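Structure file input_30.txt (compact mmCIF, C-alpha atoms) is printed below.
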# COMPACT_ATOMS: atom_id res chain seq x y z
CA MET A 586 8.52 -10.62 21.23
CA ILE A 587 7.41 -7.01 21.65
CA TYR A 588 4.45 -6.33 19.40
CA LEU A 589 3.86 -2.72 18.32
CA ASN A 590 1.78 -3.21 15.17
CA ASN A 591 -1.67 -2.92 16.71
CA ALA A 592 -2.99 -0.59 14.00
CA ALA A 593 -2.84 -3.65 11.74
CA THR A 594 -4.24 -6.20 14.22
CA THR A 595 -4.16 -6.09 18.01
CA PHE A 596 -2.05 -8.63 19.84
CA PRO A 597 -2.37 -10.05 22.38
CA LYS A 598 -6.12 -10.35 22.83
CA PRO A 599 -7.81 -10.31 26.23
CA PRO A 600 -8.17 -13.88 27.57
CA SER A 601 -11.96 -13.55 27.43
CA VAL A 602 -11.79 -13.23 23.63
CA LEU A 603 -9.89 -16.51 23.28
CA GLU A 604 -12.30 -18.20 25.67
CA ALA A 605 -15.33 -16.96 23.74
CA VAL A 606 -14.03 -18.22 20.39
CA THR A 607 -13.13 -21.60 21.88
CA ALA A 608 -16.54 -21.92 23.54
CA ALA A 609 -18.33 -21.06 20.28
CA LEU A 610 -16.41 -23.83 18.49
CA ALA A 611 -16.91 -26.33 21.30
CA GLU A 612 -20.67 -25.88 21.64
CA PRO A 613 -23.40 -26.96 19.17
CA PRO A 614 -23.70 -24.38 16.38
CA VAL A 615 -26.50 -21.82 16.64
CA SER A 616 -27.47 -19.42 13.84
CA PRO A 617 -29.80 -16.46 14.42
CA LEU A 618 -33.33 -16.97 13.05
CA ARG A 619 -32.47 -20.58 12.15
CA SER A 620 -32.23 -22.25 15.56
CA ASN A 621 -34.32 -22.51 18.68
CA GLY A 622 -32.62 -21.13 21.75
CA ASP A 623 -33.22 -19.43 25.07
CA GLY A 624 -32.47 -15.79 25.74
CA GLU A 625 -30.93 -13.13 23.52
CA ASP A 626 -29.03 -14.45 20.53
CA LEU A 627 -25.36 -13.61 20.01
CA LEU A 628 -25.77 -11.11 17.18
CA THR A 629 -28.56 -9.18 18.90
CA GLY A 630 -26.45 -8.92 22.04
CA LEU A 631 -23.42 -7.78 20.03
CA ARG A 632 -25.48 -5.17 18.19
CA ARG A 633 -26.79 -3.85 21.48
CA LEU A 634 -23.27 -3.58 22.95
CA LEU A 635 -21.93 -1.79 19.87
CA GLY A 636 -24.89 0.58 20.09
CA ARG A 637 -23.73 1.49 23.60
CA LEU A 638 -20.13 1.85 22.52
CA PHE A 639 -20.83 4.02 19.46
CA ASN A 640 -23.94 5.80 20.84
CA ILE A 641 -26.29 4.38 18.23
CA SER A 642 -29.84 4.34 19.55
CA ASP A 643 -31.11 2.44 16.51
CA TRP A 644 -28.61 -0.37 17.09
CA GLU A 645 -30.65 -2.84 15.04
CA ARG A 646 -29.22 -1.01 12.00
CA ILE A 647 -25.74 -2.39 12.73
CA PHE A 648 -24.82 -5.17 10.30
CA PHE A 649 -21.91 -7.60 10.33
CA CYS A 650 -19.49 -8.61 7.59
CA SER A 651 -15.82 -9.57 7.33
CA GLY A 652 -14.43 -6.13 8.14
CA ALA A 653 -14.09 -2.51 7.04
CA THR A 654 -12.96 -3.26 3.48
CA ASP A 655 -15.95 -5.52 2.94
CA ALA A 656 -18.25 -2.90 4.47
CA VAL A 657 -17.00 -0.03 2.30
CA ASN A 658 -17.37 -2.10 -0.87
CA ARG A 659 -20.96 -2.96 0.08
CA ILE A 660 -21.74 0.70 0.71
CA VAL A 661 -20.16 1.95 -2.52
CA ASP A 662 -21.97 -0.79 -4.47
CA GLY A 663 -25.29 -0.10 -2.81
CA LEU A 664 -25.65 3.68 -2.92
CA SER A 665 -26.89 5.71 -5.87
CA TRP A 666 -24.59 8.68 -5.58
CA LYS A 667 -23.88 11.90 -7.45
CA SER A 668 -20.49 12.86 -6.09
CA GLU A 669 -18.15 11.85 -3.35
CA GLY A 670 -15.66 13.46 -1.07
CA PHE A 671 -13.04 11.91 1.13
CA THR A 672 -10.22 13.16 3.26
CA MET A 673 -6.71 12.80 1.88
CA ASP A 674 -5.81 10.49 4.76
CA SER A 675 -8.25 7.81 3.62
CA HIS A 676 -7.15 4.19 3.57
CA ASN A 677 -7.08 2.14 0.35
CA SER A 678 -10.14 0.29 1.62
CA VAL A 679 -11.96 3.56 0.84
CA LEU A 680 -9.88 4.95 -2.03
CA ARG A 681 -9.91 1.84 -4.21
CA PRO A 682 -13.66 1.10 -4.09
CA LEU A 683 -14.41 4.73 -4.88
CA ALA A 684 -11.90 4.81 -7.73
CA ASN A 685 -12.70 1.45 -9.31
CA LYS A 686 -16.20 0.21 -8.54
CA LEU A 687 -18.63 2.95 -9.54
CA VAL A 688 -18.84 6.12 -11.59
CA ALA A 689 -20.98 8.85 -10.09
CA SER A 690 -23.95 10.03 -12.17
CA ASP A 691 -25.84 13.28 -12.34
CA ASP A 692 -29.12 11.56 -11.41
CA GLY A 693 -27.72 9.84 -8.33
CA GLU A 694 -29.53 10.20 -5.04
CA TYR A 695 -26.76 11.14 -2.64
CA ASN A 696 -23.66 13.27 -2.19
CA PHE A 697 -21.40 11.93 0.50
CA LEU A 698 -18.37 12.83 2.55
CA PHE A 699 -16.20 9.99 3.85
CA LEU A 700 -14.10 10.97 6.88
CA ASN A 701 -11.32 8.94 8.46
CA HIS A 702 -11.73 9.26 12.23
CA CYS A 703 -8.09 8.41 13.03
CA ASN A 704 -5.21 8.57 10.57
CA ASN A 705 -3.39 5.23 10.44
CA VAL A 706 -0.03 6.85 9.57
CA THR A 707 0.21 9.90 11.85
CA GLY A 708 -2.47 9.00 14.40
CA GLU A 709 -4.23 12.35 13.98
CA ILE A 710 -7.81 12.29 15.27
CA CYS A 711 -10.33 14.05 13.05
CA ASP A 712 -12.82 16.42 14.69
CA ILE A 713 -15.81 14.82 12.95
CA PRO A 714 -18.58 17.31 13.87
CA ARG A 715 -16.41 20.35 13.13
CA THR A 716 -15.29 18.97 9.75
CA TRP A 717 -18.84 17.98 8.84
CA ARG A 718 -20.22 21.41 9.68
CA ALA A 719 -17.56 23.01 7.51
CA ARG A 720 -18.16 20.72 4.51
CA LYS A 721 -21.91 20.04 4.61
CA LYS A 722 -23.75 21.27 1.53
CA GLY A 723 -27.46 20.52 1.78
CA ASN A 724 -30.15 17.93 1.19
CA GLY A 725 -28.97 14.54 0.01
CA ASP A 726 -25.62 14.79 1.78
CA LEU A 727 -24.44 11.78 3.76
CA LEU A 728 -21.71 11.68 6.39
CA MET A 729 -19.80 8.41 6.40
CA VAL A 730 -17.09 7.74 8.97
CA ASP A 731 -14.30 5.16 8.84
CA ALA A 732 -13.73 4.12 12.45
CA SER A 733 -11.29 1.31 11.70
CA GLN A 734 -8.52 2.85 13.82
CA SER A 735 -10.73 4.49 16.43
CA ALA A 736 -13.42 1.93 17.33
CA GLY A 737 -12.59 0.74 20.81
CA CYS A 738 -9.93 3.32 21.70
CA ILE A 739 -11.44 6.73 20.84
CA PRO A 740 -14.97 7.83 21.81
CA ILE A 741 -17.51 7.74 18.96
CA ASP A 742 -20.88 9.52 19.05
CA VAL A 743 -22.86 8.48 16.00
CA ASP A 744 -26.18 10.00 17.09
CA GLY A 745 -24.62 13.15 18.47
CA TRP A 746 -22.43 13.78 15.42
CA GLY A 747 -25.16 13.05 12.90
CA VAL A 748 -23.27 10.17 11.27
CA ASP A 749 -25.28 8.46 8.52
CA ILE A 750 -22.98 5.49 7.91
CA LEU A 751 -20.25 4.13 10.18
CA VAL A 752 -17.70 1.51 9.13
CA PHE A 753 -15.71 -0.44 11.71
CA THR A 754 -13.45 -3.46 11.87
CA GLY A 755 -13.26 -5.94 14.70
CA HIS A 756 -9.64 -7.06 14.76
CA LYS A 757 -8.01 -3.82 15.84
CA SER A 758 -8.94 -1.92 19.04
CA LEU A 759 -12.16 -3.88 19.53
CA PHE A 760 -9.87 -6.88 20.18
CA GLY A 761 -11.92 -9.27 18.03
CA PRO A 762 -10.59 -11.94 15.67
CA MET A 763 -9.56 -11.14 12.12
CA GLY A 764 -12.41 -11.42 9.62
CA THR A 765 -14.95 -9.58 11.79
CA GLY A 766 -16.44 -6.10 11.54
CA GLY A 767 -19.44 -4.32 10.15
CA TYR A 768 -21.27 -1.11 9.44
CA TYR A 769 -24.18 1.04 10.60
CA VAL A 770 -26.62 2.54 8.10
CA ARG A 771 -29.13 5.11 9.25
CA ARG A 772 -32.74 4.09 8.77
CA GLY A 773 -34.19 5.67 5.63
CA ILE A 774 -31.03 5.42 3.52
CA ASP A 775 -31.73 3.26 0.48
CA LEU A 776 -28.71 0.96 0.41
CA TRP A 777 -29.10 -1.73 -2.24
CA PRO A 778 -27.68 -5.08 -1.01
CA SER A 779 -24.65 -6.35 -2.86
CA GLN A 780 -25.36 -9.93 -1.78
CA PHE A 781 -28.52 -12.01 -1.66
CA GLY A 782 -29.17 -15.42 -0.14
CA GLY A 783 -30.58 -17.29 2.81
CA THR A 784 -31.25 -15.35 6.00
CA GLY A 785 -33.74 -17.49 7.91
CA ARG A 786 -36.27 -14.68 8.21
CA ASP A 787 -38.86 -15.66 5.56
CA SER A 788 -37.82 -18.47 3.25
CA GLN A 789 -40.87 -18.03 0.99
CA VAL A 790 -39.71 -14.61 -0.22
CA ILE A 791 -37.54 -14.75 -3.35
CA GLU A 792 -37.85 -11.22 -4.71
CA TYR A 793 -37.79 -8.50 -2.10
CA ALA A 794 -40.19 -5.57 -1.98
CA GLU A 795 -38.47 -2.25 -2.63
CA GLY A 796 -36.55 -1.17 0.46
CA ASP A 797 -37.27 -4.33 2.46
CA TRP A 798 -33.66 -5.41 2.21
CA GLU A 799 -31.62 -7.83 4.27
CA TYR A 800 -27.88 -7.32 4.61
CA GLU A 801 -26.66 -10.44 6.42
CA VAL A 802 -26.97 -13.51 4.23
CA GLY A 803 -25.58 -17.00 4.48
CA THR A 804 -23.89 -18.42 7.55
CA GLN A 805 -22.20 -15.79 9.69
CA ASN A 806 -18.77 -16.14 11.31
CA MET A 807 -20.27 -16.98 14.67
CA PRO A 808 -17.02 -17.99 16.47
CA GLY A 809 -15.39 -14.78 15.26
CA LEU A 810 -18.37 -12.67 16.28
CA ALA A 811 -18.44 -14.39 19.67
CA GLY A 812 -14.85 -13.27 20.09
CA LEU A 813 -15.75 -9.77 18.92
CA LYS A 814 -18.55 -9.62 21.49
CA ALA A 815 -16.08 -10.51 24.23
CA GLY A 816 -13.72 -7.83 22.92
CA VAL A 817 -16.45 -5.19 23.00
CA GLU A 818 -17.37 -6.26 26.53
CA TYR A 819 -13.72 -5.80 27.54
CA VAL A 820 -13.66 -2.29 26.04
CA LEU A 821 -16.92 -1.27 27.73
CA GLU A 822 -15.77 -2.59 31.10
CA ARG A 823 -12.38 -0.90 30.76
CA GLY A 824 -13.93 2.33 29.48
CA VAL A 825 -13.03 3.97 26.15
CA GLU A 826 -12.00 7.20 27.87
CA ASN A 827 -9.59 5.26 30.09
CA ILE A 828 -8.12 3.44 27.10
CA LEU A 829 -7.70 6.71 25.21
CA LYS A 830 -6.02 8.39 28.18
CA LYS A 831 -3.47 5.59 28.56
CA GLU A 832 -2.72 5.35 24.83
CA GLN A 833 -2.35 9.12 24.44
CA GLN A 834 0.06 9.24 27.36
CA MET A 835 2.07 6.44 25.76
CA ALA A 836 2.02 8.12 22.36
CA GLN A 837 3.23 11.37 23.94
CA GLN A 838 6.04 9.51 25.67
CA LEU A 839 7.13 8.07 22.34
CA ILE A 840 6.95 11.46 20.65
CA ASP A 841 8.96 13.16 23.40
CA GLU A 842 11.65 10.48 23.59
CA LEU A 843 12.03 9.72 19.88
CA GLY A 844 11.91 13.41 19.05
CA ASN A 845 15.03 13.99 21.12
CA ILE A 846 17.08 11.37 19.28
CA PRO A 847 19.30 12.84 16.52
CA LYS A 848 18.43 11.84 12.94
CA VAL A 849 14.88 10.79 13.93
CA LYS A 850 12.06 12.58 12.08
CA LEU A 851 8.52 12.23 13.45
CA TYR A 852 5.23 12.21 11.53
CA VAL A 853 2.44 12.81 14.05
CA ALA A 854 -0.61 14.97 14.66
CA PRO A 855 -0.09 18.73 15.05
CA MET A 856 -0.33 20.04 18.59
CA TYR A 857 -3.92 20.96 19.45
CA ARG A 858 -2.75 23.63 21.89
CA ARG A 859 0.63 24.75 23.06
CA ASN A 860 2.15 23.53 26.31
CA ALA A 861 -0.31 20.63 26.52
CA LYS A 862 1.04 17.61 28.41
CA VAL A 863 -0.83 15.35 25.99
CA ASN A 864 -1.90 16.20 22.46
CA LYS A 865 -5.65 15.51 22.37
CA ARG A 866 -5.53 15.11 18.60
CA GLN A 867 -2.99 12.27 18.80
CA GLY A 868 -4.26 8.72 18.54
CA PRO A 869 -2.28 5.55 19.37
CA VAL A 870 -0.13 5.68 16.21
CA VAL A 871 3.32 7.28 15.85
CA SER A 872 5.36 7.23 12.63
CA PHE A 873 9.02 8.10 12.24
CA ASN A 874 12.05 7.71 9.99
CA ILE A 875 15.77 7.59 10.69
CA LYS A 876 17.94 9.68 8.38
CA GLY A 877 20.25 7.45 6.37
CA LEU A 878 18.11 4.30 6.67
CA LYS A 879 15.10 3.08 4.74
CA PRO A 880 12.05 2.31 6.88
CA SER A 881 12.24 -1.32 5.78
CA ASP A 882 15.83 -1.51 7.08
CA VAL A 883 14.80 -0.06 10.42
CA GLY A 884 11.96 -2.54 10.68
CA TYR A 885 14.28 -5.43 9.83
CA ILE A 886 16.79 -4.41 12.49
CA LEU A 887 14.11 -3.94 15.14
CA GLN A 888 12.59 -7.35 14.36
CA ASN A 889 15.76 -9.39 14.05
CA SER A 890 18.07 -7.71 16.52
CA TYR A 891 15.61 -6.61 19.19
CA GLY A 892 12.51 -8.78 18.74
CA ILE A 893 10.31 -5.71 18.21
CA THR A 894 7.53 -5.90 15.62
CA VAL A 895 6.50 -2.63 13.92
CA ARG A 896 5.09 -1.84 10.47
CA THR A 897 7.04 -0.22 7.64
CA GLY A 898 6.04 1.13 4.23
CA LEU A 899 3.00 3.10 3.04
CA HIS A 900 0.44 1.46 5.34
CA CYS A 901 -2.19 1.38 2.56
CA ALA A 902 -2.47 5.19 2.67
CA PRO A 903 -0.61 6.55 -0.40
CA LEU A 904 -2.16 10.03 -0.36
CA VAL A 905 -1.00 10.61 3.21
CA HIS A 906 2.57 9.87 2.20
CA GLU A 907 2.34 12.26 -0.73
CA GLN A 908 1.48 14.99 1.77
CA LEU A 909 4.27 13.92 4.13
CA ARG A 910 6.76 13.59 1.25
CA THR A 911 7.45 10.00 2.25
CA ALA A 912 5.79 8.36 -0.77
CA ARG A 913 8.96 6.60 -1.95
CA TYR A 914 9.64 4.40 1.07
CA GLY A 915 6.98 5.27 3.64
CA THR A 916 7.60 5.36 7.38
CA VAL A 917 8.23 3.19 10.41
CA ARG A 918 4.93 2.95 12.24
CA VAL A 919 4.55 2.19 15.93
CA SER A 920 0.98 1.48 17.03
CA LEU A 921 -0.26 0.82 20.54
CA SER A 922 -3.10 -1.00 22.23
CA ASP A 923 -4.54 -1.01 25.74
CA LEU A 924 -2.39 -4.07 26.44
CA THR A 925 0.87 -2.38 25.40
CA THR A 926 3.19 -1.87 28.40
CA TRP A 927 5.51 0.96 29.33
CA GLN A 928 8.34 -1.57 29.24
CA ASP A 929 7.52 -2.18 25.56
CA LEU A 930 7.97 1.51 24.84
CA GLU A 931 11.25 1.74 26.74
CA ALA A 932 12.60 -1.22 24.77
CA LEU A 933 11.72 0.47 21.49
CA ILE A 934 13.20 3.82 22.48
CA THR A 935 16.41 2.15 23.61
CA ALA A 936 16.62 0.19 20.36
CA VAL A 937 16.16 3.31 18.20
CA ARG A 938 18.87 5.13 20.17
CA GLU A 939 21.28 2.26 19.62
CA ILE A 940 20.47 2.09 15.91
CA VAL A 941 21.14 5.81 15.51
CA GLN A 942 24.37 5.59 17.51
CA SER A 943 25.60 2.81 15.20
CA LEU A 944 25.32 4.98 12.08
As structure tokens, what does this structure read like?
Amino acid sequence: MIYLNNAATTFPKPPSVLEAVTAALAEPPVSPLRSNGDGEDLLTGLRRLLGRLFNISDWERIFFCSGATDAVNRIVDGLSWKSEGFTMDSHNSVLRPLANKLVASDDGEYNFLFLNHCNNVTGEICDIPRTWRARKKGNGDLLMVDASQSAGCIPIDVDGWGVDILVFTGHKSLFGPMGTGGYYVRRGIDLWPSQFGGTGRDSQVIEYAEGDWEYEVGTQNMPGLAGLKAGVEYVLERGVENILKKEQQMAQQLIDELGNIPKVKLYVAPMYRRNAKVNKRQGPVVSFNIKGLKPSDVGYILQNSYGITVRTGLHCAPLVHEQLRTARYGTVRVSLSDLTTWQDLEALITAVREIVQSL
């Protein structure tokens, strides 16, 4: 099987991730603040590594949950906000909580702008600092960034960009297991917890003092987070810039080759500058359609005739497809990872050529 659906979940994982999960299940369970142990506990070590990866000096403000959707819901539930803004390429994990969970009020504390760092349909990389400078209004504004598609494959500079809240998931380019992820909240932001329960910190406290909140309650997914830690270690050792360079070269190869096939229409990032060998605004996602075929038909043929797994449809981003005029059926999405091979790309390009020739 050739797997090109890494924007959904990366596969395969580095061997170290599988080993870490297995070891966590094979060893006696240890929970932070609840067990005696030597050395740095797992979650502290993972927070520290993510702080390096995302350039977050206050890495203790990174909290873990089941993923980006969980994180966004906690943030929307916990902030007292006046108005919101989001880019039209936002994922439903952002759009639906904003549309359904809360109604902004005039006496809210914050205005916020939610930016998607990498579009999961076209792969376009958002220039976060430039967009923030253009949209920033004044006091009480918060910059929140969805790094679901970029964490692990595109450099992130939380401190340098002035990001107030960062949302990330673990099962994509961080190479962690599904059901892992988290969020960073800048110190001083009053985020009301959406969940309460045991933490192991001070069991005598029942009602918290104002602002003395805890965000990780109950028993954490320690095997999953052990795997996530191994995935982050892989990314740091490999180097995010090296991963980005490889994936952008691969994406450009796809764009060049598919773009030369008759009846193929591409949906990708606009060129950042003319005559560039690699488009610096292009992430590891390329969408296309074949004239005369529905995306679902193309996906079915690729899967069943060629053993190639892609993603078809709207990709949980309906507003993007309204802009692209593909809202009826969506697109065929090809998404890469650091473990994708050039042979995988050649197989896909050959398959698309043969499909077009058969029409």
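Nearest-residue note for Ser890 of chain A: choosing from A:Val937, A:Ile875, A:Val863, A:Ala611, the minimum distance belongs to A:Val937, counting only C-alpha atoms.
Closest approach to Ile774 of chain A among A:Asn704, A:Ser920, A:Ser665, A:Asn658: A:Ser665, based on all atoms listed in the file.
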Given 4 Å of margin on each side, can you work out the centre and size in Å (one decimal) of an axis-aligned box holding every listed atom of segment 879-898 of chain A, as JSON?
{"center_x": 11.6, "center_y": -3.2, "center_z": 11.7, "size_x": 21.0, "size_y": 20.5, "size_z": 23.0}
Tell me which of A:Leu899, A:Val743, A:Ala719, A:Val748 sits closest to Ser642 of chain A, counting all atoms listed in the file. A:Val743
Could you state the separation of atom CA of Arg715 of chain A and atom CA of Gly766 of chain A in Å, given to one decimal place? 26.5 Å
Using all atoms listed in the file, collect all residues at a distance of at most 7 Å from (-5.8, -4.6, 13.5) as written in the file, then present them as a PyMOL selection string. chain A and resi 591-595+756-758
I'd like the interatomic distance between atom CA of Leu631 of chain A and atom CA of His702 of chain A, to a tenth of an Å. 22.1 Å
Shortest interatomic distance to Gly877 of chain A - which of A:Asn845, A:Thr716, A:Ser922, A:Ser943, counting only C-alpha atoms: A:Ser943
Ref. answer, residues at most 8 Å from (-23.3, 10.5, 3.0) with all atoms listed in the file, as a compact mmCIF listing (two decimals) with C-alpha atoms, in the frame of the given file:
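Produced file result_26.txt, reproduced below:
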# COMPACT_ATOMS: atom_id res chain seq x y z
CA TYR A 695 -26.76 11.14 -2.64
CA ASN A 696 -23.66 13.27 -2.19
CA PHE A 697 -21.40 11.93 0.50
CA LEU A 698 -18.37 12.83 2.55
CA PHE A 699 -16.20 9.99 3.85
CA GLY A 725 -28.97 14.54 0.01
CA ASP A 726 -25.62 14.79 1.78
CA LEU A 727 -24.44 11.78 3.76
CA LEU A 728 -21.71 11.68 6.39
CA MET A 729 -19.80 8.41 6.40
CA ASP A 749 -25.28 8.46 8.52
CA ILE A 750 -22.98 5.49 7.91
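Among the candidates A:Arg918, A:Arg772, A:Arg637, A:Arg866, the one nearest to Leu839 of chain A when counting all atoms listed in the file is A:Arg918.
Reported to one decimal place, the separation of atom CA of Ile647 of chain A from atom CA of Val770 of chain A is 6.8 Å.
The environment of Pro880 of chain A within 10 Å, counting all atoms listed in the file and disregarding residues fewer than 5 places along the same chain, consists of Phe873, Asn874, Ile875, Tyr885, Ile886, Arg896, Thr897, Gly898, Leu899, Tyr914, Gly915, Thr916, Val917 and Arg918 of chain A.
Distance annotation: of A:Val883, A:Leu603, A:Val657, A:Leu634, the residue with the minimal separation from Val679 of chain A is A:Val657; atom set is only C-alpha atoms.
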